[in-house]
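Coordinates as given in coords19.txt (compact mmCIF, C-alpha atoms and all ligand atoms):
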```txt
# COMPACT_ATOMS: atom_id res chain seq x y z
CA MET S 269 0.00 0.00 0.00
CA LYS S 270 1.43 3.36 -1.06
CA ILE S 271 0.42 6.27 1.12
CA ILE S 272 0.95 9.92 0.17
CA VAL S 273 1.07 12.31 3.13
CA TRP S 274 0.81 16.04 2.54
CA ILE S 275 3.25 17.75 4.90
CA GLU S 276 2.12 21.28 5.69
CA ALA S 277 4.92 23.79 6.04
CA ARG S 278 5.15 27.56 6.05
CA ASN S 279 8.50 29.32 5.61
CA GLY S 280 10.26 26.02 6.18
CA GLN S 281 8.46 25.36 9.47
CA ILE S 282 6.47 22.12 9.64
CA LYS S 283 3.01 22.26 11.17
CA ALA S 284 3.11 19.82 14.08
CA PRO S 285 -0.08 17.91 13.11
CA SER S 286 1.64 16.90 9.84
CA LEU S 287 4.25 14.99 11.85
CA GLU S 288 1.38 13.12 13.53
CA ALA S 289 -0.18 12.38 10.12
CA LEU S 290 3.16 10.94 8.99
CA GLY S 291 3.27 8.76 12.12
CA SER S 292 -0.26 7.46 11.49
CA ALA S 293 0.61 6.69 7.88
CA ARG S 294 3.77 4.85 8.92
CA ASN S 295 1.78 2.75 11.40
CA LEU S 296 -0.56 1.76 8.55
CA ALA S 297 2.39 0.95 6.31
CA GLU S 298 4.01 -1.16 9.00
CA SER S 299 0.85 -3.16 9.68
CA GLY S 300 1.27 -4.70 6.21
CA SER S 301 3.73 -3.94 3.48
CA GLY S 302 3.64 -0.31 2.58
CA GLU S 303 5.47 2.85 1.69
CA VAL S 304 4.94 6.36 2.98
CA ILE S 305 5.71 9.24 0.62
CA GLY S 306 5.71 12.67 2.24
CA VAL S 307 4.99 15.63 -0.06
CA ILE S 308 6.06 19.19 0.68
CA CYS S 309 4.94 21.94 -1.68
CA GLY S 310 6.39 25.41 -2.05
CA PRO S 311 9.55 27.32 -1.18
CA SER S 312 11.85 26.40 1.75
CA GLY S 313 10.88 22.75 1.19
CA ALA S 314 14.42 21.50 1.88
CA LYS S 315 14.44 23.06 5.35
CA ALA S 316 11.00 21.59 6.08
CA ALA S 317 12.02 18.18 4.74
CA HIS S 318 15.00 18.17 7.08
CA SER S 319 12.69 18.61 10.13
CA ALA S 320 10.24 15.96 8.90
CA SER S 321 12.72 13.42 7.57
CA THR S 322 12.64 11.03 10.53
CA ALA S 323 8.90 11.30 11.26
CA GLY S 324 7.87 8.20 9.31
CA ALA S 325 8.22 8.84 5.57
CA HIS S 326 10.31 6.49 3.44
CA ARG S 327 10.63 9.17 0.77
CA ILE S 328 9.90 12.91 0.81
CA ILE S 329 9.12 14.65 -2.48
CA ILE S 330 9.54 18.42 -2.52
CA ARG S 331 7.68 20.23 -5.29
CA ASP S 332 8.42 23.89 -5.89
CA GLY S 333 7.33 26.34 -8.53
CA GLU S 334 5.51 29.60 -9.11
CA SER S 335 2.07 28.03 -8.65
CA LEU S 336 3.07 26.96 -5.11
CA ASN S 337 4.56 30.23 -3.86
CA ASP S 338 1.38 31.34 -2.12
CA ALA S 339 0.57 28.01 -0.44
CA ILE S 340 -2.90 28.10 -1.97
CA ALA S 341 -4.85 24.86 -1.57
CA ASP S 342 -5.70 24.55 -5.28
CA GLY S 343 -2.04 24.43 -6.34
CA ILE S 344 -1.12 21.98 -3.59
CA ALA S 345 -4.05 19.69 -4.42
CA ASP S 346 -3.05 19.68 -8.11
CA GLU S 347 0.47 18.54 -7.18
CA LEU S 348 -0.86 15.87 -4.81
CA VAL S 349 -3.08 14.48 -7.56
CA ALA S 350 -0.15 14.49 -10.00
CA ILE S 351 2.09 12.63 -7.53
CA PHE S 352 -0.73 10.26 -6.58
CA ARG S 353 -1.10 9.27 -10.25
CA GLU S 354 2.63 9.10 -10.97
CA GLU S 355 3.16 6.84 -7.97
CA SER S 356 -0.02 4.77 -8.51
CA ALA S 357 -0.68 5.36 -4.82
CA ASP S 358 -3.58 4.02 -2.77
CA MET S 359 -4.15 6.66 -0.10
CA VAL S 360 -3.69 10.34 0.67
CA ILE S 361 -3.50 11.43 4.30
CA CYS S 362 -3.12 14.89 5.78
CA ALA S 363 -3.75 16.66 9.07
CA ALA S 364 -7.23 18.17 9.41
CA THR S 365 -5.94 21.73 9.80
CA SER S 366 -7.89 24.50 8.08
CA THR S 367 -5.70 24.32 4.96
CA GLY S 368 -5.49 20.52 5.21
CA LYS S 369 -9.29 20.21 5.08
CA GLU S 370 -9.37 22.30 1.92
CA VAL S 371 -6.46 20.50 0.26
CA ILE S 372 -7.87 17.02 0.86
CA ALA S 373 -11.36 18.00 -0.32
CA LEU S 374 -9.97 19.45 -3.57
CA THR S 375 -7.78 16.36 -4.05
CA ALA S 376 -10.77 14.07 -3.51
CA GLY S 377 -12.83 16.09 -6.00
CA THR S 378 -10.23 15.65 -8.74
CA LEU S 379 -9.75 11.95 -7.96
CA GLY S 380 -13.53 11.46 -7.94
CA THR S 381 -13.70 10.07 -4.44
CA SER S 382 -14.72 11.15 -0.93
CA VAL S 383 -12.83 11.99 2.29
CA ALA S 384 -12.96 10.31 5.68
CA ALA S 385 -12.63 13.63 7.46
CA ASP S 386 -11.29 14.58 10.86
CA CYS S 387 -10.48 11.05 12.04
CA THR S 388 -9.46 10.45 15.63
CA SER S 389 -8.24 6.92 14.99
CA ILE S 390 -6.99 5.04 11.94
CA THR S 391 -5.85 1.42 11.78
CA ARG S 392 -5.40 -1.21 9.10
CA ARG S 393 -6.56 -4.81 8.97
CA GLU S 394 -5.10 -6.36 5.84
CA ASP S 395 -6.46 -4.20 3.01
CA VAL S 396 -9.23 -2.62 5.03
CA ILE S 397 -8.70 0.73 6.74
CA GLU S 398 -10.71 1.23 9.92
CA ILE S 399 -11.33 4.76 11.08
CA GLU S 400 -13.16 6.45 13.92
CA ARG S 401 -14.45 10.00 13.81
CA PRO S 402 -16.73 12.20 15.87
CA ILE S 403 -20.18 12.97 14.45
CA TYR S 404 -23.21 14.99 15.57
CA ALA S 405 -20.97 17.74 16.93
CA GLY S 406 -18.97 15.24 18.98
CA LYS S 407 -21.95 13.51 20.63
CA ALA S 408 -21.14 10.16 18.99
CA LEU S 409 -18.16 8.40 17.49
CA MET S 410 -18.64 6.71 14.14
CA GLN S 411 -16.58 3.68 13.17
CA GLN S 412 -16.16 3.13 9.46
CA LYS S 413 -14.37 0.66 7.22
CA ILE S 414 -12.77 1.87 4.02
CA CYS S 415 -12.62 -1.04 1.61
CA GLN S 416 -12.22 0.84 -1.69
CA PHE S 417 -9.27 2.82 -2.94
CA PRO S 418 -8.18 5.54 -3.41
CA ALA S 419 -8.83 6.36 0.24
CA LEU S 420 -8.46 9.94 1.41
CA VAL S 421 -8.26 10.65 5.12
CA SER S 422 -7.68 13.71 7.27
CA ILE S 423 -6.55 13.27 10.86
CA ARG S 424 -7.63 15.57 13.66
CA PRO S 425 -4.66 17.46 15.19
CA ASN S 426 -3.33 15.84 18.38
CA TYR S 427 -4.78 12.43 17.43
CA GLY S 428 -1.98 11.06 15.28
CA GLU S 429 1.20 9.56 16.68
CA ARG S 430 4.63 11.14 16.37
CA LEU S 431 7.22 8.54 15.47
CA GLU S 432 10.97 8.44 15.08
CA ARG S 433 12.15 6.32 12.14
CA GLU S 434 15.09 6.14 9.74
CA ALA S 435 15.70 9.29 7.67
CA ALA S 436 13.68 9.54 4.47
CA THR S 437 15.23 9.94 1.02
CA VAL S 438 14.53 13.50 -0.10
CA ILE S 439 13.83 14.25 -3.77
CA GLU S 440 13.47 17.83 -5.09
CA GLN S 441 11.32 18.33 -8.17
CA ALA S 442 9.80 21.23 -10.08
CA ALA S 443 6.03 21.68 -9.84
CA THR S 444 4.32 19.92 -12.71
CA THR S 445 1.00 21.72 -12.63
CA GLY S 446 0.19 25.41 -13.01
CA SER S 447 -2.63 26.48 -10.73
CA SER S 448 -4.59 29.43 -12.09
CA VAL S 449 -5.37 30.68 -8.58
CA ARG S 450 -3.19 33.52 -7.28
CA ARG S 451 -3.20 35.37 -3.98
CA THR S 452 -3.85 39.07 -4.53
CA GLY S 453 -3.34 40.25 -0.96
CA PHE S 454 -2.61 39.12 2.56
CA LYS S 455 -4.15 40.48 5.74
CA ARG S 456 -2.78 39.20 9.01
CA GLY S 457 -5.52 37.88 11.28
CA THR S 458 -5.81 38.20 15.03
CA VAL S 459 -4.52 34.70 15.73
CA GLY S 460 -2.37 34.62 18.85
CA LYS S 461 1.14 33.28 19.19
CA ILE S 462 -0.09 29.69 19.16
CA ASP S 463 -2.75 28.61 16.67
CA LEU S 464 -5.85 27.50 18.57
CA ALA S 465 -6.69 24.63 16.21
CA GLU S 466 -3.25 23.05 16.61
CA ALA S 467 -2.45 23.93 20.23
CA GLU S 468 -1.58 21.13 22.64
CA ILE S 469 -2.93 23.16 25.56
CA ILE S 470 -5.79 25.67 25.49
CA VAL S 471 -6.94 27.94 28.31
CA SER S 472 -10.43 29.11 27.41
CA GLY S 473 -12.53 31.77 29.09
CA GLY S 474 -16.22 32.56 29.26
CA ARG S 475 -18.64 35.11 30.66
CA GLY S 476 -17.60 34.13 34.18
CA LEU S 477 -14.54 36.35 33.69
CA LYS S 478 -16.94 39.30 34.03
CA ASP S 479 -14.78 41.82 32.13
CA PRO S 480 -12.55 41.65 29.04
CA ALA S 481 -9.63 43.05 31.06
CA ASN S 482 -9.75 39.94 33.26
CA PHE S 483 -8.62 37.80 30.32
CA VAL S 484 -5.12 38.90 31.34
CA LEU S 485 -5.40 36.19 34.03
CA LEU S 486 -5.84 33.55 31.32
CA GLU S 487 -3.14 35.07 29.12
CA GLU S 488 -0.64 34.81 31.98
CA LEU S 489 -1.70 31.25 32.68
CA ALA S 490 -1.42 30.43 28.97
CA GLU S 491 2.07 31.90 28.85
CA LEU S 492 3.17 29.69 31.74
CA LEU S 493 1.75 26.59 30.03
CA GLN S 494 2.74 27.63 26.49
CA ALA S 495 -0.93 27.40 25.66
CA ALA S 496 -3.31 29.18 23.30
CA VAL S 497 -6.21 31.27 24.64
CA GLY S 498 -9.74 30.37 23.54
CA ALA S 499 -13.16 31.80 24.33
CA SER S 500 -16.86 31.01 24.46
CA ARG S 501 -19.22 32.64 22.01
CA ALA S 502 -20.78 34.74 24.76
CA VAL S 503 -17.56 36.70 25.20
CA VAL S 504 -16.89 36.86 21.46
CA ASP S 505 -20.39 38.24 20.86
CA ALA S 506 -19.77 40.77 23.62
CA GLY S 507 -16.66 41.95 21.74
CA TRP S 508 -14.26 40.85 24.50
CA ARG S 509 -12.34 38.48 22.24
CA PRO S 510 -11.94 38.13 18.44
CA HIS S 511 -13.99 35.52 16.60
CA SER S 512 -10.77 33.65 15.75
CA ASP S 513 -10.61 32.68 19.47
CA GLN S 514 -14.10 31.17 19.56
CA VAL S 515 -14.40 27.49 20.33
CA GLY S 516 -17.58 25.63 19.47
CA GLN S 517 -20.17 24.82 16.88
CA THR S 518 -19.91 28.19 15.18
CA GLY S 519 -16.24 28.65 16.07
CA LYS S 520 -13.27 26.30 15.95
CA THR S 521 -13.19 22.60 16.69
CA VAL S 522 -10.20 21.93 18.89
CA SER S 523 -8.68 18.74 20.27
CA PRO S 524 -5.80 19.71 22.54
CA LYS S 525 -4.16 17.38 25.03
CA LEU S 526 -5.37 19.72 27.79
CA TYR S 527 -8.37 22.09 27.67
CA ILE S 528 -8.91 24.34 30.69
CA ALA S 529 -12.40 25.88 30.66
CA VAL S 530 -12.61 28.87 32.97
CA GLY S 531 -15.98 30.47 33.76
CA ILE S 532 -17.63 28.62 30.87
CA SER S 533 -21.00 26.99 31.53
CA GLY S 534 -20.58 24.20 28.95
CA ALA S 535 -23.50 24.88 26.59
CA ILE S 536 -23.96 22.14 24.00
CA GLN S 537 -22.67 24.46 21.25
CA HIS S 538 -19.44 25.03 23.19
CA LEU S 539 -19.01 21.31 23.94
CA ALA S 540 -19.38 20.60 20.21
CA GLY S 541 -16.04 22.28 19.63
CA MET S 542 -13.94 20.91 22.49
CA SER S 543 -15.35 17.66 23.87
CA SER S 544 -12.76 15.56 22.00
CA SER S 545 -9.96 17.19 24.03
CA ARG S 546 -7.90 14.52 25.78
CA THR S 547 -8.08 16.02 29.27
CA ILE S 548 -10.62 18.68 30.26
CA VAL S 549 -10.26 20.77 33.40
CA ALA S 550 -13.27 22.91 34.31
CA ILE S 551 -13.20 25.78 36.78
CA ASN S 552 -16.67 27.05 37.61
CA LYS S 553 -18.37 28.29 40.77
CA ASP S 554 -21.63 26.49 39.92
CA PRO S 555 -21.38 22.77 40.82
CA ASN S 556 -24.26 22.05 38.41
CA ALA S 557 -22.64 23.68 35.40
CA PRO S 558 -22.92 21.28 32.41
CA ILE S 559 -19.19 21.61 31.70
CA PHE S 560 -18.56 19.28 34.65
CA LYS S 561 -20.33 16.45 32.76
CA VAL S 562 -17.47 16.34 30.22
CA ALA S 563 -14.66 17.41 32.54
CA THR S 564 -11.89 15.01 33.51
CA TYR S 565 -11.15 17.20 36.54
CA GLY S 566 -13.49 19.81 37.98
CA VAL S 567 -12.74 22.65 40.35
CA VAL S 568 -15.84 24.16 41.95
CA GLY S 569 -14.79 27.61 42.99
CA ASP S 570 -14.39 31.27 42.19
CA LEU S 571 -12.02 31.60 39.24
CA PHE S 572 -10.59 34.83 40.69
CA GLU S 573 -9.29 32.77 43.62
CA VAL S 574 -8.51 29.53 41.78
CA ILE S 575 -6.50 30.96 38.85
CA PRO S 576 -3.99 32.96 40.93
CA ARG S 577 -3.43 29.90 43.16
CA LEU S 578 -2.98 27.67 40.13
CA GLN S 579 -0.53 30.16 38.65
CA ALA S 580 1.49 30.31 41.86
CA GLN S 581 1.66 26.50 41.99
CA LEU S 582 2.68 26.26 38.35
CA LYS S 583 5.36 28.93 38.79
CA SER S 584 6.88 27.01 41.66
CA VAL S 585 6.94 23.83 39.56
CA LEU S 586 7.86 25.22 36.14
CA GLN S 587 10.24 28.10 36.89
C1 LIG M 1 -26.72 28.49 16.87
C2 LIG M 1 -25.82 28.71 18.08
C3 LIG M 1 -24.47 28.53 17.93
C4 LIG M 1 -23.62 28.72 19.05
N1 LIG M 1 -22.27 28.51 18.89
C5 LIG M 1 -21.47 28.61 19.97
C6 LIG M 1 -20.07 28.35 19.88
O1 LIG M 1 -19.53 28.08 18.82
N2 LIG M 1 -19.32 28.45 21.01
C7 LIG M 1 -19.86 28.79 22.23
O2 LIG M 1 -19.11 28.87 23.22
N3 LIG M 1 -21.17 29.06 22.33
C8 LIG M 1 -21.98 29.00 21.24
N4 LIG M 1 -23.31 29.32 21.36
C9 LIG M 1 -23.76 29.96 22.61
C10 LIG M 1 -24.01 28.98 23.73
O3 LIG M 1 -25.33 28.49 23.66
C11 LIG M 1 -23.82 29.69 25.12
O4 LIG M 1 -24.67 30.81 25.15
C12 LIG M 1 -22.40 30.16 25.39
O5 LIG M 1 -21.50 29.10 25.14
C13 LIG M 1 -22.30 30.60 26.85
O6 LIG M 1 -21.03 31.15 27.08
P1 LIG M 1 -20.41 31.13 28.55
O7 LIG M 1 -20.32 29.73 29.02
O8 LIG M 1 -19.18 31.96 28.49
O9 LIG M 1 -21.47 31.97 29.36
P2 LIG M 1 -22.52 31.53 30.45
O10 LIG M 1 -23.41 30.48 29.93
O11 LIG M 1 -23.15 32.80 30.92
O12 LIG M 1 -21.66 30.87 31.59
C14 LIG M 1 -20.81 31.58 32.44
C15 LIG M 1 -20.34 30.58 33.49
O13 LIG M 1 -19.39 31.21 34.33
C16 LIG M 1 -19.59 30.76 35.65
N5 LIG M 1 -19.07 31.78 36.55
C17 LIG M 1 -19.53 33.04 36.79
N6 LIG M 1 -18.74 33.68 37.65
C18 LIG M 1 -17.74 32.82 37.98
C19 LIG M 1 -16.61 32.91 38.84
N7 LIG M 1 -16.33 34.04 39.51
N8 LIG M 1 -15.82 31.84 38.96
C20 LIG M 1 -16.07 30.69 38.28
N9 LIG M 1 -17.12 30.56 37.45
C21 LIG M 1 -17.95 31.61 37.29
C22 LIG M 1 -21.08 30.57 35.76
O14 LIG M 1 -21.39 29.63 36.82
C23 LIG M 1 -21.44 30.05 34.39
O15 LIG M 1 -21.44 28.63 34.36
C24 LIG M 1 -24.16 29.13 20.29
C25 LIG M 1 -25.53 29.30 20.40
C26 LIG M 1 -26.36 29.10 19.33
C27 LIG M 1 -27.84 29.27 19.50
```
Representation of the structure as structure tokens:
Amino acid sequence: MKIIVWIEARNGQIKAPSLEALGSARNLAESGSGEVIGVICGPSGAKAAHSASTAGAHRIIIRDGESLNDAIADGIADELVAIFREESADMVICAATSTGKEVIALTAGTLGTSVAADCTSITRREDVIEIERPIYAGKALMQQKICQFPALVSIRPNYGERLEREAATVIEQAATTGSSVRRTGFKRGTVGKIDLAEAEIIVSGGRGLKDPANFVLLEELAELLQAAVGASRAVVDAGWRPHSDQVGQTGKTVSPKLYIAVGISGAIQHLAGMSSSRTIVAINKDPNAPIFKVATYGVVGDLFEVIPRLQAQLKSVLQ
């Protein structure tokens, strides 16, 4: 089984979920005979390939050319399709980041197939791929078997497995397709230092913080934990935080290793975006708040007392 993995990189920096996608692909390859071919598109590919070379690929193909300068999904998908056909591959895997979701959908469209999207588990039994993915806004997990190829799969960030394997052979090639889509401008968004959708730790705040200025408490906590800051829709609608911070049904779906919900009630629309987090810590003064139903650990208390104490404890441990 030949598996193509799109490795997402910007300015030579690999997006961490791509390393997990490579690990998942390698596990599939090793549970039968198989080869993993990593694909990096665009400039600075050699630098990116160097960082990804031991993450599970047998070969890494770098494609560069004018059509790939802007990292636009159309151009990347065209190259993936070209490589898929040249290699007579069976699968394409990528991380379900915002660009990854677009790239895999466009690739599937051209190959005339569908995508098993946002998978939280992927295994192989002989020539059948078994996947698991959340449905109904995270209220249920669907198990599916993929028996027909080509199979296209995106893997939810923080759900793949990072591996360390022998270094891949790196091959540099010129882009073979010429996407007609060009970027005409670039406006920097309000995304914080760490991208919410890919963060390993998120500290998220809700209306319980009472005032936008009090988010400084969460920002300090996030800095200590090297975490991203998220928010409920209530505080986004109130203009306390930008929409790019919103977690939930009408915001971002996140799956960090640790999600700390502070002063968030846990409305179903909020849970839809974060309930697949590995560990959930809820801090809320109301013992009946619905967030406690999904929390791994719950602290019933006033956040204005709990957060400073948590910070002091963390400082003594981490600094
Ligand atoms: C179509 C639709 C889509 C939606 N999409 C989203 C979405 O994407 N994301 C989202 O978040 N919401 C979404 N909502 C809104 C959602 O229903 C809730 O209104 C919202 O999540 C509530 O935000 P909150 O938990 O911050 O506020 P509240 O529900 O007001 O909760 C505040 C919490 O803070 C606690 N608290 C107060 N003071 C303290 C204190 N001092 N210490 C500790 N705890 C304290 C309270 O006990 C309470 O539980 C959507 C709603 C609709 C109808």
Nearby residues, ligand LIG 1 (chain M), 8 Å, all atoms listed in the file, as JSON, numbers by chain: {"S": [473, 474, 475, 476, 477, 478, 499, 500, 501, 502, 503, 514, 515, 516, 517, 518, 519, 520, 530, 531, 532, 533, 534, 535, 536, 537, 538, 539, 540, 541, 551, 552, 553, 554, 555, 557, 558, 559, 568, 569, 570, 571, 572]}
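Comparing the minimum interatomic distances between S:Ala419 and each of S:Ala314, S:Arg509, S:Ile390, S:Thr322, counting only C-alpha atoms, we find that S:Ile390 sits nearest.
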Atomic separation - atom CA of S:Gln411 relative to atom CA of S:Ser543, Å: 17.6 Å
Contact residues around S:Tyr527 with all atoms listed in the file at 6 Å, ignoring same-chain residues under 4 positions, as JSON, numbers by chain: {"S": [469, 470, 548]}
Go ahead and save the picked residues with C-alpha atoms, as a PDB file, in the coordinates of the input.
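This is the output file part_4.pdb:
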```
ATOM      1  CA  ILE S 469      -2.930  23.160  25.560  1.00  0.00           C
ATOM      2  CA  ILE S 470      -5.790  25.670  25.490  1.00  0.00           C
ATOM      3  CA  ILE S 548     -10.620  18.680  30.260  1.00  0.00           C
TER       4      ILE S 548
END
```
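For the set S:Val304, S:Ala373, S:Ala364, S:Ala443, the residue with the smallest atom-to-atom gap to S:Arg331 is S:Ala443, counting all atoms listed in the file.
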Between atom CA of S:Asp338 and atom CA of S:Cys309, distance in Å (one decimal): 10.1 Å
Shortest interatomic distance to S:Ala323 - which of S:Val567, S:Ala339, S:Val471, S:Ile305, counting all atoms listed in the file: S:Ile305
From S:Ser299, S:Thr564, S:Ser366, S:Thr547, residue lying nearest S:Val396 [only C-alpha atoms]: S:Ser299
Selected residue of minimal separation from S:Glu355 among S:Asp386, S:Glu303, S:Asp505, S:Glu276, counting only C-alpha atoms: S:Glu303
For S:Ile329, please output as a PDB file with C-alpha atoms, in the coordinates of the input all residues within 12 Å (counting all atoms listed in the file; exclusion window: fewer than 5 positions along the same chain).
```
ATOM      1  CA  ILE S 272       0.950   9.920   0.170  1.00  0.00           C
ATOM      2  CA  VAL S 273       1.070  12.310   3.130  1.00  0.00           C
ATOM      3  CA  TRP S 274       0.810  16.040   2.540  1.00  0.00           C
ATOM      4  CA  ILE S 275       3.250  17.750   4.900  1.00  0.00           C
ATOM      5  CA  VAL S 304       4.940   6.360   2.980  1.00  0.00           C
ATOM      6  CA  ILE S 305       5.710   9.240   0.620  1.00  0.00           C
ATOM      7  CA  GLY S 306       5.710  12.670   2.240  1.00  0.00           C
ATOM      8  CA  VAL S 307       4.990  15.630  -0.060  1.00  0.00           C
ATOM      9  CA  ILE S 308       6.060  19.190   0.680  1.00  0.00           C
ATOM     10  CA  CYS S 309       4.940  21.940  -1.680  1.00  0.00           C
ATOM     11  CA  GLY S 310       6.390  25.410  -2.050  1.00  0.00           C
ATOM     12  CA  GLY S 313      10.880  22.750   1.190  1.00  0.00           C
ATOM     13  CA  ALA S 314      14.420  21.500   1.880  1.00  0.00           C
ATOM     14  CA  ALA S 316      11.000  21.590   6.080  1.00  0.00           C
ATOM     15  CA  ALA S 317      12.020  18.180   4.740  1.00  0.00           C
ATOM     16  CA  HIS S 318      15.000  18.170   7.080  1.00  0.00           C
ATOM     17  CA  ALA S 320      10.240  15.960   8.900  1.00  0.00           C
ATOM     18  CA  SER S 321      12.720  13.420   7.570  1.00  0.00           C
ATOM     19  CA  GLU S 347       0.470  18.540  -7.180  1.00  0.00           C
ATOM     20  CA  LEU S 348      -0.860  15.870  -4.810  1.00  0.00           C
ATOM     21  CA  ALA S 350      -0.150  14.490 -10.000  1.00  0.00           C
ATOM     22  CA  ILE S 351       2.090  12.630  -7.530  1.00  0.00           C
ATOM     23  CA  PHE S 352      -0.730  10.260  -6.580  1.00  0.00           C
ATOM     24  CA  GLU S 355       3.160   6.840  -7.970  1.00  0.00           C
ATOM     25  CA  ALA S 436      13.680   9.540   4.470  1.00  0.00           C
ATOM     26  CA  THR S 437      15.230   9.940   1.020  1.00  0.00           C
ATOM     27  CA  VAL S 438      14.530  13.500  -0.100  1.00  0.00           C
ATOM     28  CA  ILE S 439      13.830  14.250  -3.770  1.00  0.00           C
ATOM     29  CA  GLU S 440      13.470  17.830  -5.090  1.00  0.00           C
ATOM     30  CA  GLN S 441      11.320  18.330  -8.170  1.00  0.00           C
ATOM     31  CA  ALA S 442       9.800  21.230 -10.080  1.00  0.00           C
ATOM     32  CA  ALA S 443       6.030  21.680  -9.840  1.00  0.00           C
TER      33      ALA S 443
END
```
Residues within 12 Å of (-4.2, 6.4, 15.7), counting only C-alpha atoms, listed as an MDAnalysis selection string: chainID S and resid 288:296 386:392 397:401 422:431
Could you take the residues named above and write them with C-alpha atoms, as a short mmCIF file (atom, residue, chain, number, x, y, z; two decimals), in the frame of the given file?
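Output saved as again-v2.cif:
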```
data_model
loop_
_atom_site.label_atom_id
_atom_site.label_comp_id
_atom_site.auth_asym_id
_atom_site.auth_seq_id
_atom_site.Cartn_x
_atom_site.Cartn_y
_atom_site.Cartn_z
CA GLU S 288 1.38 13.12 13.53
CA ALA S 289 -0.18 12.38 10.12
CA LEU S 290 3.16 10.94 8.99
CA GLY S 291 3.27 8.76 12.12
CA SER S 292 -0.26 7.46 11.49
CA ALA S 293 0.61 6.69 7.88
CA ARG S 294 3.77 4.85 8.92
CA ASN S 295 1.78 2.75 11.40
CA LEU S 296 -0.56 1.76 8.55
CA ASP S 386 -11.29 14.58 10.86
CA CYS S 387 -10.48 11.05 12.04
CA THR S 388 -9.46 10.45 15.63
CA SER S 389 -8.24 6.92 14.99
CA ILE S 390 -6.99 5.04 11.94
CA THR S 391 -5.85 1.42 11.78
CA ARG S 392 -5.40 -1.21 9.10
CA ILE S 397 -8.70 0.73 6.74
CA GLU S 398 -10.71 1.23 9.92
CA ILE S 399 -11.33 4.76 11.08
CA GLU S 400 -13.16 6.45 13.92
CA ARG S 401 -14.45 10.00 13.81
CA SER S 422 -7.68 13.71 7.27
CA ILE S 423 -6.55 13.27 10.86
CA ARG S 424 -7.63 15.57 13.66
CA PRO S 425 -4.66 17.46 15.19
CA ASN S 426 -3.33 15.84 18.38
CA TYR S 427 -4.78 12.43 17.43
CA GLY S 428 -1.98 11.06 15.28
CA GLU S 429 1.20 9.56 16.68
CA ARG S 430 4.63 11.14 16.37
CA LEU S 431 7.22 8.54 15.47
#
```
Give me stretch 390-401 of chain S from this structure - N, CA and C atoms, as a short mmCIF file (atom, residue, chain, number, x, y, z; two decimals), in the first residue's frame.
```
data_model
loop_
_atom_site.label_atom_id
_atom_site.label_comp_id
_atom_site.auth_asym_id
_atom_site.auth_seq_id
_atom_site.Cartn_x
_atom_site.Cartn_y
_atom_site.Cartn_z
N ILE S 390 -7.08 5.70 13.25
CA ILE S 390 -6.99 5.04 11.94
C ILE S 390 -6.09 3.81 12.09
N THR S 391 -6.62 2.66 11.70
CA THR S 391 -5.85 1.42 11.78
C THR S 391 -6.09 0.62 10.49
N ARG S 392 -5.28 -0.42 10.32
CA ARG S 392 -5.40 -1.21 9.10
C ARG S 392 -5.50 -2.69 9.45
N ARG S 393 -6.47 -3.34 8.84
CA ARG S 393 -6.56 -4.81 8.97
C ARG S 393 -6.51 -5.37 7.56
N GLU S 394 -5.38 -5.94 7.21
CA GLU S 394 -5.10 -6.36 5.84
C GLU S 394 -5.34 -5.19 4.90
N ASP S 395 -6.28 -5.31 3.93
CA ASP S 395 -6.46 -4.20 3.01
C ASP S 395 -7.68 -3.36 3.36
N VAL S 396 -8.10 -3.44 4.60
CA VAL S 396 -9.23 -2.62 5.03
C VAL S 396 -8.72 -1.59 6.04
N ILE S 397 -9.09 -0.34 5.82
CA ILE S 397 -8.70 0.73 6.74
C ILE S 397 -9.89 0.98 7.67
N GLU S 398 -9.62 0.98 8.96
CA GLU S 398 -10.71 1.23 9.92
C GLU S 398 -10.47 2.58 10.56
N ILE S 399 -11.49 3.42 10.50
CA ILE S 399 -11.33 4.76 11.08
C ILE S 399 -12.44 5.03 12.11
N GLU S 400 -12.17 6.01 12.93
CA GLU S 400 -13.16 6.45 13.92
C GLU S 400 -13.19 7.96 13.85
N ARG S 401 -14.39 8.53 13.83
CA ARG S 401 -14.45 10.00 13.81
C ARG S 401 -15.70 10.51 14.51
#
```
